[in-house]
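Student: If you scroll down you'll find the structure; I have some questions about it.
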Amino acid sequence: MTSASNALGGVFQLTADRQVSRVGFGAMQLAGPGVLGPPADREKAVQVLRRAVELGIDHIDTSDFYGPWVVNELIAEALRPYGDGLALATKIGAYRDHEGGWLPLNHPDALRAQVHDNLRRLRLETLDLVYLRHTVDRGISLADQLGALAELREQGLVRGIGLSNVSVEQFEEARQHVEIAAVQNLYNVVNRTSAELLAKTAEAGAAFVPFFPLGSGFADSRAREDEVLRGIAERHGATQAQVSLAWLLRRSENVLLIPGTSSPAHLEENTAAATVELSDADVEALNALVADGETLEEAH
């Protein structure tokens, strides 16, 4: 179990028997272009995973979607035998077509099969956290989907149940059926559309795990965003990406970060965001970029 003294960004109680550091690693980018096929440099991908654990990362987010199957097999190759403190989270509820599309696959029987597939490729007996990637299907209820995961949890194959890509209403509905350990939704310094959901998860004691935690503004060079982020980064001797990640850690104590990369150097840079101590004035300036429930585009 991770202690507060050596945790990256502090610790969070993810499930009843699993504490994790608040800075983890998202493994999606270890697959090939478009999250399809093997990486161009397999040994480098293995190196990234091993370096993550060396840096103190104890929470890795993955899925059979990635590759498909490639990333889970890489994780098993790189990290087995797994350390007792390492939490592995995966996502189910979809599959990849031949063109790389992400299509729903959420019948309860299919969800059960996907959990067993993830366990087999990761070479695990129990998954620490399984996110249901929710898609609306008129023929299948959310209650039935979550019921399948609850059965797997009772069988000891799953420790915690999570949701991905959900609304506030869907989160509240899900909580009527099972305990929700975590929610994974889009949220970052330039996109606050999940702000209400973040607040709801905090109230419920569930983790909130933002995907695309760095947003898209860095590539688009939006002047207002760049000016604020660049100024704060220069004052701290940090990168704009590190400032954005540090802001997420300050945003709410239930936020867990899973920035992804296929580069060992970039991994170290992202992980070091846990050491960036933003001032209250820094946080206020970043908060002012976008109002809750907005994106930067809407704010403009």
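Each chain in the structure tokens gets a letter, A, B and so on, in the order shown; residues start at 1 in every chain, and ligands are counted from 1 in the order they appear.
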Find the residues near A:Gln184: any atom within 10 Å, counting only C-alpha atoms, skip ones fewer than 4 places away on the same chain, and give them as JSON, numbers by chain.

Tutor: {"A": [91, 131, 132, 133, 162, 163, 164, 165, 166, 198, 207, 208, 209, 210, 211, 255, 256]}

Student: Which residues, written as a PyMOL selection string, have at least one atom at most 7 Å from A:Val158, with only C-alpha atoms counted and residues fewer than 2 positions away on the same chain left out?

Tutor: chain A and resi 126-130+152-153+156+160

Student: For the residues selected in the previous step, produce a file with all heavy atoms as a compact mmCIF listing (two decimals), in the first residue's frame.

Tutor:
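Wrote it out as part02.txt, contents follow:
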# COMPACT_ATOMS: atom_id res chain seq x y z
N THR A 126 -7.34 -11.06 -10.59
CA THR A 126 -8.33 -10.06 -10.21
C THR A 126 -7.95 -8.72 -10.82
O THR A 126 -6.79 -8.32 -10.78
CB THR A 126 -8.40 -9.91 -8.68
OG1 THR A 126 -8.67 -11.18 -8.08
CG2 THR A 126 -9.50 -8.93 -8.28
N LEU A 127 -8.93 -8.02 -11.38
CA LEU A 127 -8.74 -6.66 -11.88
C LEU A 127 -9.10 -5.68 -10.78
O LEU A 127 -10.16 -5.79 -10.15
CB LEU A 127 -9.63 -6.42 -13.10
CG LEU A 127 -9.21 -7.15 -14.38
CD1 LEU A 127 -10.37 -7.21 -15.35
CD2 LEU A 127 -8.01 -6.45 -15.01
N ASP A 128 -8.22 -4.71 -10.54
CA ASP A 128 -8.48 -3.74 -9.47
C ASP A 128 -9.68 -2.86 -9.77
O ASP A 128 -10.45 -2.51 -8.87
CB ASP A 128 -7.24 -2.88 -9.23
CG ASP A 128 -6.11 -3.68 -8.62
OD1 ASP A 128 -6.23 -4.05 -7.44
OD2 ASP A 128 -5.13 -3.96 -9.33
N LEU A 129 -9.84 -2.46 -11.04
CA LEU A 129 -10.91 -1.55 -11.40
C LEU A 129 -11.31 -1.82 -12.85
O LEU A 129 -10.45 -1.92 -13.73
CB LEU A 129 -10.44 -0.09 -11.25
CG LEU A 129 -11.42 1.01 -11.65
CD1 LEU A 129 -12.68 0.97 -10.79
CD2 LEU A 129 -10.74 2.38 -11.52
N VAL A 130 -12.61 -1.95 -13.08
CA VAL A 130 -13.14 -2.14 -14.43
C VAL A 130 -14.14 -1.03 -14.72
O VAL A 130 -15.15 -0.89 -14.02
CB VAL A 130 -13.81 -3.51 -14.59
CG1 VAL A 130 -14.47 -3.61 -15.97
CG2 VAL A 130 -12.80 -4.63 -14.41
N LEU A 152 -19.36 -10.42 -11.19
CA LEU A 152 -17.92 -10.67 -11.31
C LEU A 152 -17.18 -10.21 -10.07
O LEU A 152 -16.20 -10.83 -9.65
CB LEU A 152 -17.38 -9.98 -12.56
CG LEU A 152 -17.90 -10.54 -13.90
CD1 LEU A 152 -17.55 -9.60 -15.04
CD2 LEU A 152 -17.34 -11.93 -14.15
N ARG A 153 -17.66 -9.12 -9.49
CA ARG A 153 -17.04 -8.65 -8.24
C ARG A 153 -17.28 -9.65 -7.11
O ARG A 153 -16.37 -9.94 -6.32
CB ARG A 153 -17.58 -7.27 -7.86
CG ARG A 153 -16.90 -6.64 -6.66
CD ARG A 153 -17.38 -5.22 -6.43
NE ARG A 153 -18.82 -5.18 -6.19
CZ ARG A 153 -19.52 -4.05 -6.05
NH1 ARG A 153 -18.91 -2.88 -6.17
NH2 ARG A 153 -20.81 -4.10 -5.83
N GLY A 156 -14.90 -12.40 -7.11
CA GLY A 156 -13.51 -12.07 -6.82
C GLY A 156 -12.68 -11.74 -8.04
O GLY A 156 -11.45 -11.63 -7.95
N GLY A 160 -13.18 -3.18 -8.04
CA GLY A 160 -13.96 -1.95 -8.11
C GLY A 160 -14.62 -1.79 -9.46
O GLY A 160 -14.10 -2.24 -10.49

Student: Can you pull out every residue from stretch 1-39 of chain A that DSSP, working from the backbone, puts in strand (DSSP E or B), and format the result as an MDAnalysis selection string?

Tutor: chainID A and resid 11:15 18:21 23 25:26 36

Student: Write the selection just made, keeping N, CA, C and O atoms, as a tab-separated table (two decimals), in the first residue's frame?

Tutor:
chain	number	residue	atom	x	y	z
A	11	VAL	N	-2.34	10.47	-1.90
A	11	VAL	CA	-2.96	9.16	-2.10
A	11	VAL	C	-4.48	9.29	-2.14
A	11	VAL	O	-5.05	10.25	-1.64
A	12	PHE	N	-5.10	8.27	-2.75
A	12	PHE	CA	-6.56	8.20	-2.78
A	12	PHE	C	-6.97	6.76	-2.55
A	12	PHE	O	-6.34	5.84	-3.07
A	13	GLN	N	-8.04	6.58	-1.76
A	13	GLN	CA	-8.56	5.24	-1.50
A	13	GLN	C	-9.45	4.82	-2.66
A	13	GLN	O	-10.63	5.15	-2.73
A	14	LEU	N	-8.88	4.07	-3.60
A	14	LEU	CA	-9.59	3.73	-4.83
A	14	LEU	C	-10.68	2.69	-4.58
A	14	LEU	O	-11.81	2.82	-5.06
A	15	THR	N	-10.34	1.63	-3.85
A	15	THR	CA	-11.31	0.62	-3.44
A	15	THR	C	-11.07	0.31	-1.97
A	15	THR	O	-10.14	0.86	-1.36
A	18	ARG	N	-7.48	-0.91	-1.70
A	18	ARG	CA	-6.44	-0.43	-2.61
A	18	ARG	C	-6.33	1.09	-2.57
A	18	ARG	O	-7.26	1.80	-2.94
A	19	GLN	N	-5.19	1.56	-2.05
A	19	GLN	CA	-4.83	2.98	-2.11
A	19	GLN	C	-3.87	3.18	-3.27
A	19	GLN	O	-3.03	2.33	-3.54
A	20	VAL	N	-4.01	4.31	-3.97
A	20	VAL	CA	-3.09	4.60	-5.07
A	20	VAL	C	-2.60	6.04	-4.98
A	20	VAL	O	-3.26	6.90	-4.40
A	21	SER	N	-1.43	6.26	-5.57
A	21	SER	CA	-0.95	7.63	-5.74
A	21	SER	C	-1.86	8.35	-6.73
A	21	SER	O	-2.45	7.72	-7.62
A	23	VAL	N	-1.05	10.38	-9.10
A	23	VAL	CA	-0.50	10.46	-10.45
A	23	VAL	C	-0.19	9.05	-10.93
A	23	VAL	O	0.65	8.35	-10.36
A	25	PHE	N	-0.58	6.38	-14.74
A	25	PHE	CA	-0.12	6.33	-16.13
A	25	PHE	C	-1.21	5.72	-17.00
A	25	PHE	O	-1.77	4.67	-16.68
A	26	GLY	N	-1.53	6.39	-18.11
A	26	GLY	CA	-2.45	5.87	-19.10
A	26	GLY	C	-1.68	5.22	-20.23
A	26	GLY	O	-0.84	5.84	-20.87
A	36	LEU	N	-3.82	1.43	-32.83
A	36	LEU	CA	-3.98	0.17	-33.55
A	36	LEU	C	-2.62	-0.47	-33.78
A	36	LEU	O	-1.65	0.22	-34.14

Student: Could you pull out the helix (DSSP H, G or I) residues of stretch 89-288 of chain A, going by DSSP on the backbone, and write them as a CSV table (one decimal) with N, CA, C and O atoms, in the first residue's frame?

Tutor:
chain,number,residue,atom,x,y,z
A,108,PRO,N,-24.6,-7.9,-21.3
A,108,PRO,CA,-24.0,-8.4,-20.1
A,108,PRO,C,-23.1,-9.6,-20.4
A,108,PRO,O,-22.0,-9.7,-19.8
A,109,ASP,N,-23.5,-10.5,-21.3
A,109,ASP,CA,-22.6,-11.7,-21.6
A,109,ASP,C,-21.3,-11.2,-22.2
A,109,ASP,O,-20.3,-11.8,-22.0
A,110,ALA,N,-21.4,-10.2,-23.1
A,110,ALA,CA,-20.2,-9.7,-23.7
A,110,ALA,C,-19.3,-9.0,-22.7
A,110,ALA,O,-18.1,-9.1,-22.8
A,111,LEU,N,-19.9,-8.3,-21.8
A,111,LEU,CA,-19.1,-7.7,-20.7
A,111,LEU,C,-18.4,-8.7,-19.9
A,111,LEU,O,-17.2,-8.5,-19.5
A,112,ARG,N,-19.1,-9.8,-19.5
A,112,ARG,CA,-18.4,-10.8,-18.8
A,112,ARG,C,-17.2,-11.4,-19.5
A,112,ARG,O,-16.1,-11.6,-19.0
A,113,ALA,N,-17.4,-11.6,-20.8
A,113,ALA,CA,-16.4,-12.2,-21.7
A,113,ALA,C,-15.2,-11.2,-21.8
A,113,ALA,O,-14.0,-11.6,-21.7
A,114,GLN,N,-15.5,-9.9,-21.8
A,114,GLN,CA,-14.4,-8.9,-21.9
A,114,GLN,C,-13.6,-8.9,-20.6
A,114,GLN,O,-12.3,-8.7,-20.7
A,115,VAL,N,-14.2,-9.0,-19.5
A,115,VAL,CA,-13.4,-9.1,-18.2
A,115,VAL,C,-12.5,-10.3,-18.2
A,115,VAL,O,-11.3,-10.1,-17.9
A,116,HIS,N,-13.0,-11.4,-18.6
A,116,HIS,CA,-12.2,-12.6,-18.7
A,116,HIS,C,-11.0,-12.5,-19.7
A,116,HIS,O,-9.9,-12.9,-19.5
A,117,ASP,N,-11.3,-11.8,-20.8
A,117,ASP,CA,-10.3,-11.5,-21.8
A,117,ASP,C,-9.2,-10.6,-21.3
A,117,ASP,O,-8.0,-10.9,-21.5
A,118,ASN,N,-9.5,-9.6,-20.6
A,118,ASN,CA,-8.6,-8.7,-19.9
A,118,ASN,C,-7.7,-9.4,-18.9
A,118,ASN,O,-6.5,-9.3,-18.8
A,119,LEU,N,-8.4,-10.2,-18.1
A,119,LEU,CA,-7.7,-11.0,-17.1
A,119,LEU,C,-6.6,-11.9,-17.8
A,119,LEU,O,-5.5,-12.1,-17.3
A,120,ARG,N,-7.1,-12.6,-18.8
A,120,ARG,CA,-6.2,-13.5,-19.5
A,120,ARG,C,-4.9,-12.8,-20.1
A,120,ARG,O,-3.8,-13.3,-19.9
A,121,ARG,N,-5.2,-11.7,-20.8
A,121,ARG,CA,-4.1,-11.1,-21.5
A,121,ARG,C,-3.1,-10.3,-20.5
A,121,ARG,O,-1.9,-10.2,-20.7
A,122,LEU,N,-3.7,-9.8,-19.4
A,122,LEU,CA,-2.9,-9.2,-18.4
A,122,LEU,C,-2.3,-10.3,-17.4
A,122,LEU,O,-1.4,-9.9,-16.6
A,142,LEU,N,-28.8,-0.1,-18.2
A,142,LEU,CA,-27.6,0.1,-17.4
A,142,LEU,C,-27.6,-0.8,-16.2
A,142,LEU,O,-26.5,-1.3,-15.8
A,143,ALA,N,-28.7,-1.1,-15.6
A,143,ALA,CA,-28.8,-1.9,-14.5
A,143,ALA,C,-28.3,-3.3,-14.8
A,143,ALA,O,-27.6,-4.0,-14.0
A,144,ASP,N,-28.7,-3.8,-16.0
A,144,ASP,CA,-28.3,-5.2,-16.4
A,144,ASP,C,-26.8,-5.2,-16.6
A,144,ASP,O,-26.1,-6.2,-16.3
A,145,GLN,N,-26.2,-4.2,-17.2
A,145,GLN,CA,-24.8,-4.2,-17.5
A,145,GLN,C,-24.0,-4.1,-16.1
A,145,GLN,O,-23.1,-4.9,-15.9
A,146,LEU,N,-24.5,-3.3,-15.2
A,146,LEU,CA,-23.8,-3.2,-13.9
A,146,LEU,C,-24.0,-4.5,-13.1
A,146,LEU,O,-23.2,-4.9,-12.3
A,147,GLY,N,-25.2,-5.1,-13.3
A,147,GLY,CA,-25.4,-6.4,-12.6
A,147,GLY,C,-24.4,-7.5,-13.0
A,147,GLY,O,-24.0,-8.2,-12.1
A,148,ALA,N,-24.0,-7.5,-14.3
A,148,ALA,CA,-23.0,-8.4,-14.7
A,148,ALA,C,-21.7,-8.2,-14.0
A,148,ALA,O,-21.0,-9.1,-13.6
A,149,LEU,N,-21.3,-6.9,-13.9
A,149,LEU,CA,-20.1,-6.5,-13.2
A,149,LEU,C,-20.1,-6.8,-11.7
A,149,LEU,O,-19.1,-7.2,-11.1
A,150,ALA,N,-21.3,-6.6,-11.1
A,150,ALA,CA,-21.5,-6.9,-9.7
A,150,ALA,C,-21.3,-8.4,-9.4
A,150,ALA,O,-20.7,-8.8,-8.4
A,151,GLU,N,-21.8,-9.2,-10.4
A,151,GLU,CA,-21.6,-10.7,-10.2
A,151,GLU,C,-20.1,-11.0,-10.3
A,151,GLU,O,-19.6,-11.9,-9.5
A,152,LEU,N,-19.4,-10.4,-11.2
A,152,LEU,CA,-17.9,-10.7,-11.3
A,152,LEU,C,-17.2,-10.2,-10.1
A,152,LEU,O,-16.2,-10.8,-9.7
A,153,ARG,N,-17.7,-9.1,-9.5
A,153,ARG,CA,-17.0,-8.6,-8.2
A,153,ARG,C,-17.3,-9.6,-7.1
A,153,ARG,O,-16.4,-9.9,-6.3
A,154,GLU,N,-18.5,-10.2,-7.0
A,154,GLU,CA,-18.8,-11.2,-6.0
A,154,GLU,C,-17.9,-12.5,-6.2
A,154,GLU,O,-17.6,-13.1,-5.2
A,168,VAL,N,-24.1,13.1,-15.5
A,168,VAL,CA,-24.4,13.2,-14.1
A,168,VAL,C,-25.6,12.2,-13.8
A,168,VAL,O,-25.6,11.5,-12.8
A,169,GLU,N,-26.6,12.3,-14.7
A,169,GLU,CA,-27.8,11.4,-14.5
A,169,GLU,C,-27.5,10.0,-14.5
A,169,GLU,O,-28.0,9.2,-13.7
A,170,GLN,N,-26.6,9.6,-15.4
A,170,GLN,CA,-26.2,8.2,-15.5
A,170,GLN,C,-25.4,7.7,-14.3
A,170,GLN,O,-25.5,6.6,-13.8
A,171,PHE,N,-24.5,8.6,-13.8
A,171,PHE,CA,-23.8,8.3,-12.6
A,171,PHE,C,-24.7,8.1,-11.4
A,171,PHE,O,-24.6,7.1,-10.7
A,172,GLU,N,-25.7,9.0,-11.3
A,172,GLU,CA,-26.6,8.8,-10.2
A,172,GLU,C,-27.5,7.5,-10.3
A,172,GLU,O,-27.8,6.8,-9.3
A,173,GLU,N,-27.9,7.2,-11.5
A,173,GLU,CA,-28.6,6.0,-11.8
A,173,GLU,C,-27.8,4.8,-11.4
A,173,GLU,O,-28.2,3.8,-10.8
A,174,ALA,N,-26.5,4.8,-11.8
A,174,ALA,CA,-25.6,3.7,-11.6
A,174,ALA,C,-25.4,3.4,-10.1
A,174,ALA,O,-25.4,2.3,-9.6
A,175,ARG,N,-25.4,4.5,-9.3
A,175,ARG,CA,-25.1,4.4,-7.9
A,175,ARG,C,-26.3,3.7,-7.2
A,175,ARG,O,-26.2,3.2,-6.0
A,195,ALA,N,-17.7,19.4,-15.1
A,195,ALA,CA,-17.5,20.0,-13.8
A,195,ALA,C,-18.5,19.5,-12.8
A,195,ALA,O,-18.2,19.2,-11.6
A,196,GLU,N,-19.8,19.5,-13.2
A,196,GLU,CA,-20.8,19.0,-12.2
A,196,GLU,C,-20.6,17.6,-11.8
A,196,GLU,O,-20.7,17.2,-10.7
A,197,LEU,N,-20.2,16.7,-12.8
A,197,LEU,CA,-19.9,15.3,-12.5
A,197,LEU,C,-18.7,15.2,-11.6
A,197,LEU,O,-18.8,14.3,-10.7
A,198,LEU,N,-17.7,16.0,-11.8
A,198,LEU,CA,-16.6,16.0,-10.9
A,198,LEU,C,-17.0,16.2,-9.4
A,198,LEU,O,-16.6,15.5,-8.5
A,199,ALA,N,-17.9,17.2,-9.3
A,199,ALA,CA,-18.4,17.6,-7.9
A,199,ALA,C,-19.2,16.4,-7.3
A,199,ALA,O,-19.1,16.1,-6.1
A,200,LYS,N,-20.0,15.8,-8.2
A,200,LYS,CA,-20.8,14.7,-7.7
A,200,LYS,C,-20.0,13.5,-7.2
A,200,LYS,O,-20.3,12.8,-6.2
A,201,THR,N,-18.9,13.2,-8.0
A,201,THR,CA,-18.0,12.1,-7.6
A,201,THR,C,-17.3,12.4,-6.3
A,201,THR,O,-17.1,11.5,-5.4
A,202,ALA,N,-16.9,13.6,-6.1
A,202,ALA,CA,-16.2,14.0,-4.9
A,202,ALA,C,-17.2,13.8,-3.7
A,202,ALA,O,-16.8,13.3,-2.6
A,203,GLU,N,-18.4,14.2,-3.9
A,203,GLU,CA,-19.4,14.1,-2.8
A,203,GLU,C,-19.6,12.6,-2.5
A,203,GLU,O,-19.8,12.2,-1.3
A,204,ALA,N,-19.6,11.7,-3.5
A,204,ALA,CA,-19.8,10.3,-3.3
A,204,ALA,C,-18.6,9.5,-2.8
A,204,ALA,O,-18.7,8.3,-2.6
A,217,GLY,N,-5.5,22.4,-26.5
A,217,GLY,CA,-5.1,23.8,-26.7
A,217,GLY,C,-3.7,23.9,-27.0
A,217,GLY,O,-3.3,24.9,-27.6
A,218,PHE,N,-2.8,23.0,-26.5
A,218,PHE,CA,-1.4,23.2,-26.7
A,218,PHE,C,-1.0,23.1,-28.1
A,218,PHE,O,-0.2,23.8,-28.6
A,219,ALA,N,-1.7,22.2,-28.9
A,219,ALA,CA,-1.4,22.0,-30.3
A,219,ALA,C,-2.0,23.2,-31.1
A,219,ALA,O,-1.4,23.6,-32.1
A,220,ASP,N,-3.1,23.8,-30.6
A,220,ASP,CA,-3.8,24.8,-31.4
A,220,ASP,C,-3.2,26.2,-31.1
A,220,ASP,O,-3.6,27.1,-31.8
A,223,ALA,N,-4.1,31.9,-28.1
A,223,ALA,CA,-3.3,32.9,-27.5
A,223,ALA,C,-3.6,33.1,-26.0
A,223,ALA,O,-2.7,33.2,-25.2
A,224,ARG,N,-4.9,33.2,-25.6
A,224,ARG,CA,-5.2,33.4,-24.2
A,224,ARG,C,-4.7,32.3,-23.3
A,224,ARG,O,-4.1,32.6,-22.3
A,225,GLU,N,-5.0,31.1,-23.8
A,225,GLU,CA,-4.5,29.9,-23.0
A,225,GLU,C,-3.0,29.9,-22.9
A,225,GLU,O,-2.4,29.7,-21.8
A,226,ASP,N,-2.3,30.1,-24.0
A,226,ASP,CA,-0.9,30.0,-24.0
A,226,ASP,C,-0.3,31.1,-23.1
A,226,ASP,O,0.7,30.9,-22.4
A,227,GLU,N,-0.8,32.3,-23.2
A,227,GLU,CA,-0.3,33.4,-22.4
A,227,GLU,C,-0.3,33.1,-20.9
A,227,GLU,O,0.7,33.3,-20.2
A,228,VAL,N,-1.4,32.6,-20.4
A,228,VAL,CA,-1.6,32.3,-19.0
A,228,VAL,C,-0.7,31.1,-18.6
A,228,VAL,O,0.1,31.2,-17.6
A,229,LEU,N,-0.8,30.1,-19.3
A,229,LEU,CA,0.0,28.9,-19.0
A,229,LEU,C,1.5,29.1,-19.1
A,229,LEU,O,2.3,28.7,-18.2
A,230,ARG,N,1.9,29.9,-20.1
A,230,ARG,CA,3.3,30.1,-20.3
A,230,ARG,C,3.9,30.9,-19.2
A,230,ARG,O,5.0,30.7,-18.6
A,231,GLY,N,3.1,32.0,-18.7
A,231,GLY,CA,3.6,32.8,-17.6
A,231,GLY,C,3.7,32.0,-16.3
A,231,GLY,O,4.7,32.2,-15.6
A,232,ILE,N,2.8,31.2,-16.0
A,232,ILE,CA,2.8,30.4,-14.8
A,232,ILE,C,4.0,29.4,-14.9
A,232,ILE,O,4.7,29.2,-13.9
A,233,ALA,N,4.1,28.7,-16.1
A,233,ALA,CA,5.2,27.7,-16.3
A,233,ALA,C,6.5,28.4,-16.1
A,233,ALA,O,7.4,27.8,-15.4
A,234,GLU,N,6.7,29.5,-16.6
A,234,GLU,CA,8.0,30.2,-16.5
A,234,GLU,C,8.4,30.5,-15.1
A,234,GLU,O,9.5,30.4,-14.6
A,235,ARG,N,7.4,31.0,-14.3
A,235,ARG,CA,7.6,31.3,-12.9
A,235,ARG,C,8.0,30.1,-12.1
A,235,ARG,O,8.7,30.2,-11.1
A,236,HIS,N,7.5,28.9,-12.5
A,236,HIS,CA,7.8,27.7,-11.7
A,236,HIS,C,8.9,26.9,-12.3
A,236,HIS,O,9.3,25.8,-11.8
A,240,GLN,N,4.2,23.9,-19.7
A,240,GLN,CA,2.8,24.2,-19.7
A,240,GLN,C,2.0,22.9,-19.4
A,240,GLN,O,1.0,23.0,-18.7
A,241,ALA,N,2.4,21.8,-19.9
A,241,ALA,CA,1.8,20.5,-19.6
A,241,ALA,C,1.8,20.2,-18.1
A,241,ALA,O,0.8,19.8,-17.5
A,242,GLN,N,3.0,20.4,-17.5
A,242,GLN,CA,3.1,20.2,-16.0
A,242,GLN,C,2.2,21.1,-15.2
A,242,GLN,O,1.5,20.7,-14.2
A,243,VAL,N,2.0,22.3,-15.6
A,243,VAL,CA,1.1,23.3,-15.0
A,243,VAL,C,-0.3,22.8,-15.1
A,243,VAL,O,-1.1,22.9,-14.1
A,244,SER,N,-0.7,22.4,-16.3
A,244,SER,CA,-2.0,21.9,-16.5
A,244,SER,C,-2.4,20.7,-15.6
A,244,SER,O,-3.4,20.6,-15.0
A,245,LEU,N,-1.4,19.8,-15.5
A,245,LEU,CA,-1.6,18.6,-14.6
A,245,LEU,C,-1.7,19.0,-13.2
A,245,LEU,O,-2.5,18.5,-12.4
A,246,ALA,N,-0.8,19.9,-12.8
A,246,ALA,CA,-0.8,20.4,-11.4
A,246,ALA,C,-2.1,21.0,-11.0
A,246,ALA,O,-2.6,20.9,-9.9
A,247,TRP,N,-2.6,21.8,-12.0
A,247,TRP,CA,-4.0,22.4,-11.7
A,247,TRP,C,-5.0,21.4,-11.5
A,247,TRP,O,-5.9,21.5,-10.6
A,248,LEU,N,-5.0,20.3,-12.2
A,248,LEU,CA,-6.0,19.2,-12.0
A,248,LEU,C,-5.9,18.6,-10.6
A,248,LEU,O,-6.9,18.3,-10.0
A,249,LEU,N,-4.6,18.4,-10.1
A,249,LEU,CA,-4.5,17.9,-8.8
A,249,LEU,C,-5.0,18.9,-7.7
A,249,LEU,O,-5.5,18.4,-6.7
A,250,ARG,N,-4.9,20.2,-8.0
A,250,ARG,CA,-5.5,21.2,-7.1
A,250,ARG,C,-7.0,21.3,-7.2
A,250,ARG,O,-7.6,21.7,-6.3
A,251,ARG,N,-7.5,20.9,-8.3
A,251,ARG,CA,-8.9,21.1,-8.6
A,251,ARG,C,-9.8,20.4,-7.6
A,251,ARG,O,-10.9,20.9,-7.2
A,264,PRO,N,10.0,7.7,-22.6
A,264,PRO,CA,10.4,7.7,-21.2
A,264,PRO,C,10.7,9.1,-20.7
A,264,PRO,O,10.3,9.4,-19.5
A,265,ALA,N,11.2,10.0,-21.5
A,265,ALA,CA,11.5,11.4,-21.0
A,265,ALA,C,10.2,12.1,-20.8
A,265,ALA,O,10.1,12.9,-19.8
A,266,HIS,N,9.2,12.0,-21.6
A,266,HIS,CA,7.9,12.6,-21.4
A,266,HIS,C,7.2,12.0,-20.2
A,266,HIS,O,6.5,12.8,-19.5
A,267,LEU,N,7.4,10.7,-20.0
A,267,LEU,CA,6.8,10.1,-18.8
A,267,LEU,C,7.4,10.8,-17.5
A,267,LEU,O,6.6,11.1,-16.6
A,268,GLU,N,8.7,11.0,-17.5
A,268,GLU,CA,9.3,11.6,-16.3
A,268,GLU,C,8.8,13.0,-16.2
A,268,GLU,O,8.6,13.5,-15.0
A,269,GLU,N,8.6,13.7,-17.3
A,269,GLU,CA,8.1,15.1,-17.2
A,269,GLU,C,6.7,15.2,-16.6
A,269,GLU,O,6.4,16.0,-15.8
A,270,ASN,N,5.9,14.3,-17.1
A,270,ASN,CA,4.5,14.3,-16.6
A,270,ASN,C,4.4,13.9,-15.2
A,270,ASN,O,3.7,14.5,-14.4
A,271,THR,N,5.2,12.9,-14.8
A,271,THR,CA,5.2,12.5,-13.4
A,271,THR,C,5.7,13.6,-12.4
A,271,THR,O,5.2,13.8,-11.3
A,272,ALA,N,6.7,14.4,-12.9
A,272,ALA,CA,7.2,15.5,-12.1
A,272,ALA,C,6.2,16.6,-11.9
A,272,ALA,O,6.4,17.5,-11.0
A,273,ALA,N,5.0,16.6,-12.6
A,273,ALA,CA,4.0,17.6,-12.3
A,273,ALA,C,3.5,17.5,-10.9
A,273,ALA,O,3.0,18.5,-10.4
A,274,ALA,N,3.7,16.4,-10.2
A,274,ALA,CA,3.3,16.2,-8.8
A,274,ALA,C,4.1,17.2,-7.9
A,274,ALA,O,3.6,17.4,-6.8
A,275,THR,N,5.2,17.6,-8.4
A,275,THR,CA,6.1,18.5,-7.5
A,275,THR,C,5.9,19.9,-7.8
A,275,THR,O,6.5,20.8,-7.1
A,280,ASP,N,-2.1,30.1,-4.9
A,280,ASP,CA,-3.5,30.4,-5.1
A,280,ASP,C,-3.8,31.3,-6.2
A,280,ASP,O,-4.8,31.2,-6.9
A,281,ALA,N,-2.9,32.3,-6.5
A,281,ALA,CA,-3.0,33.2,-7.6
A,281,ALA,C,-2.9,32.5,-8.9
A,281,ALA,O,-3.7,32.7,-9.9
A,282,ASP,N,-2.0,31.5,-9.0
A,282,ASP,CA,-1.9,30.7,-10.2
A,282,ASP,C,-3.2,29.9,-10.5
A,282,ASP,O,-3.7,29.9,-11.6
A,283,VAL,N,-3.7,29.3,-9.4
A,283,VAL,CA,-5.0,28.5,-9.6
A,283,VAL,C,-6.1,29.4,-10.0
A,283,VAL,O,-6.9,29.1,-10.9
A,284,GLU,N,-6.2,30.6,-9.4
A,284,GLU,CA,-7.3,31.5,-9.8
A,284,GLU,C,-7.2,31.9,-11.2
A,284,GLU,O,-8.2,32.0,-11.9
A,285,ALA,N,-5.9,32.2,-11.7
A,285,ALA,CA,-5.8,32.6,-13.1
A,285,ALA,C,-6.2,31.4,-14.1
A,285,ALA,O,-6.8,31.7,-15.1
A,286,LEU,N,-5.8,30.2,-13.7
A,286,LEU,CA,-6.2,29.1,-14.5
A,286,LEU,C,-7.7,28.8,-14.5
A,286,LEU,O,-8.3,28.5,-15.5
A,287,ASN,N,-8.3,28.9,-13.3
A,287,ASN,CA,-9.7,28.8,-13.2
A,287,ASN,C,-10.5,29.7,-14.1
A,287,ASN,O,-11.5,29.4,-14.6

Student: Would you please work out which residue, of A:Arg50, A:Arg42, A:Arg159, A:His134, is nearest to A:Leu103 when using only C-alpha atoms?

Tutor: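 Looking only at the distances to A:Leu103, the closest residue turns out to be A:His134.
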
Student: Calculate how many Å separate atom CA of A:Lys44 from atom CA of A:Arg96, rounding to one decimal.

Tutor: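 Going from atom CA of A:Lys44 over to atom CA of A:Arg96 covers 24.6 Å.
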
Student: Which value, in Å to one decimal, gives the distance between atom CA of A:Gln47 and atom CA of A:Gly260?

Tutor: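 About the pair atom CA of A:Gln47 and atom CA of A:Gly260: they are 13.9 Å apart.
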
Student: Using only C-alpha atoms, find the one residue out of A:Gly139, A:Gly237, A:Gly67, A:Gly215 that sits nearest to A:Tyr95.

Tutor: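 Checking each of A:Gly139, A:Gly237, A:Gly67, A:Gly215 against A:Tyr95, counting only C-alpha atoms, the winner is A:Gly67.
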
Student: With distances taken over only C-alpha atoms, which residue among A:Ala206, A:Val35, A:Leu214, A:Val190 lies nearest A:Glu297?

Tutor: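 Of A:Ala206, A:Val35, A:Leu214, A:Val190, the one nearest A:Glu297 is A:Val190, counting only C-alpha atoms.
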
Student: So which one's closest to A:Val276, A:Thr239, A:Thr261, A:Pro38, A:Thr62? Using only C-alpha atoms, please.

Tutor: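 Once distances to A:Val276 are computed over only C-alpha atoms, the minimum belongs to A:Thr239.
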